[in-house]
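Novice: Input file: entry_25.txt. Contents: compact mmCIF, C-alpha atoms.
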```
# COMPACT_ATOMS: atom_id res chain seq x y z
CA MET Z 1 83.61 -35.19 31.74
CA HIS Z 2 83.23 -38.60 33.41
CA LYS Z 3 84.60 -41.55 31.49
CA GLU Z 4 81.33 -43.45 31.86
CA ARG Z 5 79.73 -40.76 29.69
CA GLU Z 6 82.34 -41.17 26.98
CA ARG Z 7 82.63 -43.90 24.38
CA VAL Z 8 84.71 -44.95 21.39
CA LEU Z 9 83.02 -46.04 18.17
CA LEU Z 10 85.12 -48.12 15.82
CA VAL Z 11 83.81 -48.17 12.23
CA THR Z 12 85.25 -51.22 10.47
CA ASP Z 13 84.61 -54.75 9.30
CA MET Z 14 84.48 -57.21 12.16
CA ASN Z 15 87.19 -59.90 12.26
CA PRO Z 16 89.36 -61.57 14.94
CA GLN Z 17 91.96 -58.79 14.73
CA THR Z 18 89.26 -56.17 15.30
CA SER Z 19 88.06 -58.03 18.40
CA ILE Z 20 91.58 -58.04 19.85
CA PHE Z 21 91.94 -54.32 19.16
CA VAL Z 22 88.58 -53.52 20.79
CA GLU Z 23 89.42 -55.59 23.85
CA PHE Z 24 92.80 -53.88 24.26
CA ILE Z 25 91.61 -50.29 24.02
CA THR Z 26 88.58 -51.03 26.21
CA GLN Z 27 90.90 -52.16 29.00
CA LYS Z 28 93.41 -49.38 28.39
CA LEU Z 29 90.91 -46.52 28.16
CA THR Z 30 88.38 -47.81 30.73
CA ARG Z 31 85.63 -46.55 28.45
CA PRO Z 32 83.04 -48.48 26.45
CA VAL Z 33 84.22 -49.33 22.93
CA ASP Z 34 81.73 -50.41 20.26
CA ALA Z 35 82.50 -51.69 16.76
CA VAL Z 36 80.02 -51.16 13.93
CA ALA Z 37 79.95 -51.88 10.21
CA PRO Z 38 80.88 -49.06 7.80
CA TYR Z 39 77.26 -48.49 6.72
CA ASP Z 40 75.73 -48.55 10.22
CA TYR Z 41 75.24 -44.78 10.23
CA GLN Z 42 72.54 -44.90 12.90
CA ALA Z 43 75.24 -45.62 15.46
CA ALA Z 44 76.42 -42.00 15.06
CA GLY Z 45 73.27 -40.60 16.66
CA GLN Z 46 74.38 -40.64 20.30
CA GLU Z 47 74.33 -37.91 22.92
CA ASN Z 48 77.38 -39.17 24.82
CA ALA Z 49 80.81 -37.76 24.02
CA THR Z 50 82.10 -40.02 21.27
CA VAL Z 51 85.37 -40.50 19.42
CA ILE Z 52 84.67 -42.17 16.07
CA LEU Z 53 87.53 -44.12 14.50
CA LEU Z 54 87.06 -44.63 10.75
CA ASP Z 55 89.18 -47.58 9.64
CA ALA Z 56 90.76 -46.52 6.34
CA ASP Z 57 91.42 -50.18 5.52
CA HIS Z 58 87.69 -50.94 5.44
CA VAL Z 59 85.88 -47.59 4.98
CA ASP Z 60 86.10 -45.94 1.57
CA GLU Z 61 86.16 -42.17 1.07
CA ALA Z 62 82.50 -41.93 0.05
CA THR Z 63 81.45 -43.71 3.24
CA MET Z 64 83.78 -41.52 5.31
CA GLN Z 65 82.08 -38.50 3.74
CA GLU Z 66 78.67 -39.85 4.80
CA TRP Z 67 79.81 -40.30 8.40
CA HIS Z 68 81.25 -36.79 8.27
CA ASN Z 69 77.97 -35.32 7.04
CA ARG Z 70 76.06 -36.99 9.86
CA VAL Z 71 78.26 -35.77 12.72
CA VAL Z 72 79.86 -32.52 11.51
CA ASP Z 73 77.42 -30.32 13.44
CA THR Z 74 77.48 -32.53 16.56
CA THR Z 75 79.71 -30.95 19.20
CA SER Z 76 79.86 -34.13 21.28
CA THR Z 77 81.41 -36.19 18.48
CA GLN Z 78 85.08 -36.26 17.45
CA LEU Z 79 85.66 -37.75 14.00
CA THR Z 80 89.01 -39.42 13.37
CA ALA Z 81 90.61 -41.77 10.85
CA PHE Z 82 93.08 -44.52 11.58
CA ASN Z 83 95.16 -47.07 9.69
CA LEU Z 84 96.28 -44.24 7.41
CA GLN Z 85 99.29 -44.96 5.22
CA ASP Z 86 101.26 -41.78 5.90
CA GLU Z 87 101.05 -38.00 6.27
CA ASP Z 88 100.19 -37.55 2.57
CA HIS Z 89 97.20 -39.85 3.02
CA ALA Z 90 96.10 -37.85 6.08
CA ALA Z 91 96.52 -34.53 4.25
CA GLU Z 92 94.37 -35.79 1.38
CA LEU Z 93 91.53 -36.80 3.71
CA LEU Z 94 91.72 -33.47 5.53
CA THR Z 95 90.87 -31.64 2.30
CA PHE Z 96 87.28 -32.88 2.52
CA LEU Z 97 86.79 -34.26 6.04
CA HIS Z 98 86.75 -32.39 9.33
CA LEU Z 99 88.95 -34.80 11.27
CA ARG Z 100 89.97 -34.04 14.84
CA GLY Z 101 92.63 -36.72 14.84
CA VAL Z 102 94.57 -39.07 12.59
CA PHE Z 103 96.27 -42.35 13.41
CA TYR Z 104 98.73 -44.13 11.15
CA ARG Z 105 99.07 -47.81 10.35
CA SER Z 106 102.47 -47.76 12.06
CA ASP Z 107 101.15 -46.26 15.34
CA PRO Z 108 101.50 -48.62 18.32
CA LEU Z 109 98.32 -49.33 20.32
CA ASP Z 110 99.55 -47.33 23.32
CA ARG Z 111 99.94 -44.23 21.12
CA ILE Z 112 96.43 -44.68 19.72
CA CYS Z 113 95.04 -44.85 23.26
CA LYS Z 114 97.02 -41.74 24.23
CA GLY Z 115 95.55 -39.93 21.23
CA ILE Z 116 92.00 -40.94 22.11
CA ASP Z 117 92.49 -39.64 25.66
CA SER Z 118 93.74 -36.35 24.21
CA LEU Z 119 90.70 -36.08 21.94
CA PHE Z 120 88.33 -36.58 24.88
CA ALA Z 121 90.21 -33.76 26.61
CA GLY Z 122 89.25 -31.47 23.71
CA HIS Z 123 92.54 -31.42 21.80
CA LEU Z 124 93.44 -32.24 18.22
CA TRP Z 125 95.60 -35.30 17.58
CA MET Z 126 97.82 -34.66 14.59
CA SER Z 127 101.42 -33.64 14.06
CA ARG Z 128 102.64 -30.07 13.82
CA ALA Z 129 103.82 -30.77 10.28
CA LEU Z 130 100.36 -31.96 9.25
CA MET Z 131 98.72 -28.94 10.89
CA THR Z 132 101.11 -26.69 8.96
CA ARG Z 133 100.01 -28.34 5.72
CA LEU Z 134 96.39 -27.79 6.68
CA ILE Z 135 97.00 -24.11 7.37
CA GLU Z 136 98.74 -23.75 3.99
CA PHE Z 137 95.75 -25.46 2.37
CA PHE Z 138 93.40 -22.80 3.74
CA ARG Z 139 95.77 -20.02 2.73
CA LYS Z 140 95.72 -21.39 -0.81
CA GLN Z 141 91.93 -21.44 -0.70
CA GLN Z 142 91.82 -17.81 0.36
CA LEU Z 143 94.24 -16.78 -2.38
CA ASN Z 144 92.14 -18.56 -4.99
CA ALA Z 145 88.75 -17.47 -3.65
CA PHE Z 146 88.44 -14.56 -6.07
CA ARG Z 147 90.95 -15.59 -8.70
CA PRO Z 148 89.54 -16.87 -12.01
CA SER Z 149 91.09 -20.13 -13.18
CA CYS Z 150 90.95 -21.73 -16.65
CA GLY Z 151 88.40 -19.17 -17.71
CA LEU Z 152 85.93 -20.13 -14.96
CA THR Z 153 83.59 -17.39 -13.83
CA GLN Z 154 83.12 -16.70 -10.11
CA ARG Z 155 79.73 -18.47 -10.24
CA GLU Z 156 81.29 -21.50 -11.95
CA MET Z 157 84.02 -21.67 -9.31
CA GLU Z 158 81.37 -21.52 -6.61
CA ILE Z 159 79.46 -24.39 -8.22
CA LEU Z 160 82.66 -26.37 -8.74
CA CYS Z 161 83.42 -26.10 -5.02
CA LEU Z 162 79.94 -27.36 -4.18
CA VAL Z 163 80.30 -30.23 -6.64
CA SER Z 164 83.63 -31.09 -5.02
CA SER Z 165 82.04 -31.18 -1.57
CA GLY Z 166 79.55 -33.81 -2.78
CA SER Z 167 76.46 -31.62 -3.29
CA SER Z 168 73.86 -32.83 -5.79
CA ASN Z 169 72.46 -30.59 -8.54
CA GLY Z 170 69.30 -30.13 -6.49
CA GLU Z 171 71.25 -29.15 -3.38
CA ILE Z 172 73.38 -26.69 -5.36
CA ALA Z 173 70.24 -25.17 -6.90
CA GLY Z 174 68.70 -24.75 -3.45
CA GLN Z 175 71.80 -23.16 -1.91
CA LEU Z 176 72.38 -20.72 -4.79
CA PHE Z 177 68.71 -20.03 -5.59
CA LEU Z 178 69.09 -21.31 -9.15
CA SER Z 179 67.06 -23.74 -11.22
CA GLU Z 180 68.45 -27.24 -11.67
CA TYR Z 181 68.55 -26.58 -15.41
CA THR Z 182 70.85 -23.59 -14.81
CA VAL Z 183 73.06 -25.66 -12.51
CA LYS Z 184 73.34 -28.40 -15.14
CA SER Z 185 74.28 -25.81 -17.74
CA HIS Z 186 76.99 -24.38 -15.47
CA ILE Z 187 78.37 -27.86 -14.73
CA TYR Z 188 78.50 -28.67 -18.44
CA ASN Z 189 80.52 -25.49 -19.05
CA ILE Z 190 82.80 -26.22 -16.10
CA PHE Z 191 83.55 -29.75 -17.33
CA ARG Z 192 84.31 -28.40 -20.80
CA LYS Z 193 86.63 -25.66 -19.53
CA ILE Z 194 88.68 -27.88 -17.21
CA ASP Z 195 88.53 -30.89 -19.58
CA VAL Z 196 86.95 -33.47 -17.27
CA HIS Z 197 84.08 -35.89 -17.84
CA ASN Z 198 82.47 -36.51 -14.46
CA ARG Z 199 82.08 -35.14 -10.93
CA THR Z 200 84.88 -37.26 -9.47
CA GLN Z 201 87.36 -35.94 -12.02
CA ALA Z 202 86.11 -32.39 -11.38
CA ALA Z 203 86.61 -32.80 -7.62
CA ASN Z 204 90.14 -34.12 -8.14
CA TRP Z 205 90.93 -31.23 -10.50
CA ALA Z 206 89.64 -28.71 -7.97
CA ARG Z 207 91.67 -30.18 -5.11
CA GLN Z 208 94.81 -30.09 -7.24
CA HIS Z 209 94.39 -26.62 -8.72
CA LEU Z 210 92.25 -24.69 -6.27
CA GLY Z 211 92.39 -26.46 -2.96
CA ALA Z 212 88.64 -26.96 -3.15
CA PRO Z 213 86.95 -26.48 0.23
CA PRO Z 214 85.39 -29.22 2.33
CA PRO Z 215 81.68 -28.95 3.23
CA LEU Z 216 80.82 -25.52 4.60
CA ALA Z 217 80.26 -26.60 8.20
CA ALA Z 218 83.59 -28.42 8.26
CA LEU Z 219 85.36 -25.44 6.71
CA ARG Z 220 83.92 -23.13 9.35
CA ASN Z 221 84.89 -25.40 12.23
CA GLN Z 222 88.41 -26.09 10.95
CA LYS Z 223 89.11 -22.39 10.42
CA LEU Z 224 88.02 -21.66 13.99
CA GLU Z 225 90.29 -24.45 15.26
CA ILE Z 226 93.26 -23.15 13.30
CA ARG Z 227 92.72 -19.61 14.59
CA ARG Z 228 92.58 -20.98 18.14
CA LEU Z 229 95.85 -22.88 17.65
CA GLN Z 230 97.47 -19.75 16.26
CA GLY Z 231 96.31 -17.79 19.29
CA LYS Z 232 94.16 -15.38 17.32
```
If you took the structure in this file and wrote it as structure tokens, what would it be?

Specialist:
Amino acid sequence: MHKERERVLLVTDMNPQTSIFVEFITQKLTRPVDAVAPYDYQAAGQENATVILLDADHVDEATMQEWHNRVVDTTSTQLTAFNLQDEDHAAELLTFLHLRGVFYRSDPLDRICKGIDSLFAGHLWMSRALMTRLIEFFRKQQLNAFRPSCGLTQREMEILCLVSSGSSNGEIAGQLFLSEYTVKSHIYNIFRKIDVHNRTQAANWARQHLGAPPPLAALRNQKLEIRRLQGK
């Protein structure tokens, strides 16, 4: 694909350091680079091939999830995160975001540019060790898919996974063909069984004990990517 049809979208708070970064990678990549505020979601709706860099220093997890939801089914968009603390931080984000690449706070600018070039070429940009952790995460999911935990029924585990992926009661009811009253009843029982008090605590419990899946579209795409990397 021609570089003039490709662009980089930096999602961050604007400051002098951001301007220097944008100027550097624009010159290095010879592609247009735009910087937008964390809540400027409309900028995601572009037809050109786009690498989105979510700045972990300025974009919280809930906002990252919203960007993810808006681009996950867009084949022309590559979602990445940068300014990550370390591999543990990256692994945590990968449990609920379909990221094609990760960049660490310690990465030099030349390495970031190399990674962006690789992403435009259709490759993932993450270490072998991190990919191994991701594969183990999915294996754990598969092992737990039909295994009751803490007395949860299969239906309760299904609802817990949907809660963990950020679905509202109405969305869960629509996906599972249940009434919202029934969903609320299930969630009440789930919270009681796993001893949590809100959805955030439930999501954290699920990630720790079950390896709760990311949104369904992301799960599907990541599994296909892993199978491709394994040569299957």

Novice: Would you compute the box with edges along x, y and z of the file around region 170-188 of chain Z, including every atom the file lists for it and 6 Å extra on each side, and give its centre and edge lengths in Å to one decimal, as JSON?

Specialist:
```
{"center_x": 72.8, "center_y": -25.1, "center_z": -10.2, "size_x": 23.4, "size_y": 22.1, "size_z": 28.5}
```

Novice: What are the nearest atom pairs, with distances in Å to one decimal, for all residues of region 98-196 of chain Z that come at most 12 Å from region 3-18 of chain Z, using all atoms listed in the file, set out by chain and rising residue number as JSON lines?

Specialist:
```
{"residue": "Z:Ile112", "atom": "CA", "partner": "Z:Val8", "partner_atom": "CA", "distance": 11.8}
{"residue": "Z:Cys113", "atom": "CA", "partner": "Z:Val8", "partner_atom": "CA", "distance": 10.5}
{"residue": "Z:Gly115", "atom": "CA", "partner": "Z:Val8", "partner_atom": "CA", "distance": 11.9}
{"residue": "Z:Ile116", "atom": "CA", "partner": "Z:Val8", "partner_atom": "CA", "distance": 8.4}
{"residue": "Z:Asp117", "atom": "CA", "partner": "Z:Lys3", "partner_atom": "CA", "distance": 10.0}
{"residue": "Z:Leu119", "atom": "CA", "partner": "Z:Val8", "partner_atom": "CA", "distance": 10.7}
{"residue": "Z:Phe120", "atom": "CA", "partner": "Z:Glu6", "partner_atom": "CA", "distance": 7.8}
{"residue": "Z:Ala121", "atom": "CA", "partner": "Z:Lys3", "partner_atom": "CA", "distance": 10.8}
```

Novice: What's the separation between CA of Thr200 (chain Z) and CA of Thr153 (chain Z), in Å to one decimal place?

Specialist: 20.4 Å

Novice: Using Å and a single decimal, report how far CA of Gln201 (chain Z) sits from CA of Thr182 (chain Z).

Specialist: 20.8 Å

Novice: Here is a test: counting all atoms listed in the file, which residue of Z:Trp205, Z:Phe24, Z:Tyr188, Z:Phe177 is nearest to Leu109 (chain Z)?

Specialist: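 Looking at the shortest contact to Leu109 (chain Z), the residue is Z:Phe24.
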
Novice: Go through Z:Glu180, Z:Asp195, Z:Glu66, Z:Glu156 and flag the residue nearest Leu79 (chain Z), using only C-alpha atoms for the distances.

Specialist: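 Nearest to Leu79 (chain Z): Z:Glu66.
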
Novice: Looking at only C-alpha atoms, which of Z:Arg100, Z:Arg192, Z:His68, Z:His123 is the one that sits closest to Gly166 (chain Z)?

Specialist: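 Closest residue, counting only C-alpha atoms: Z:His68.
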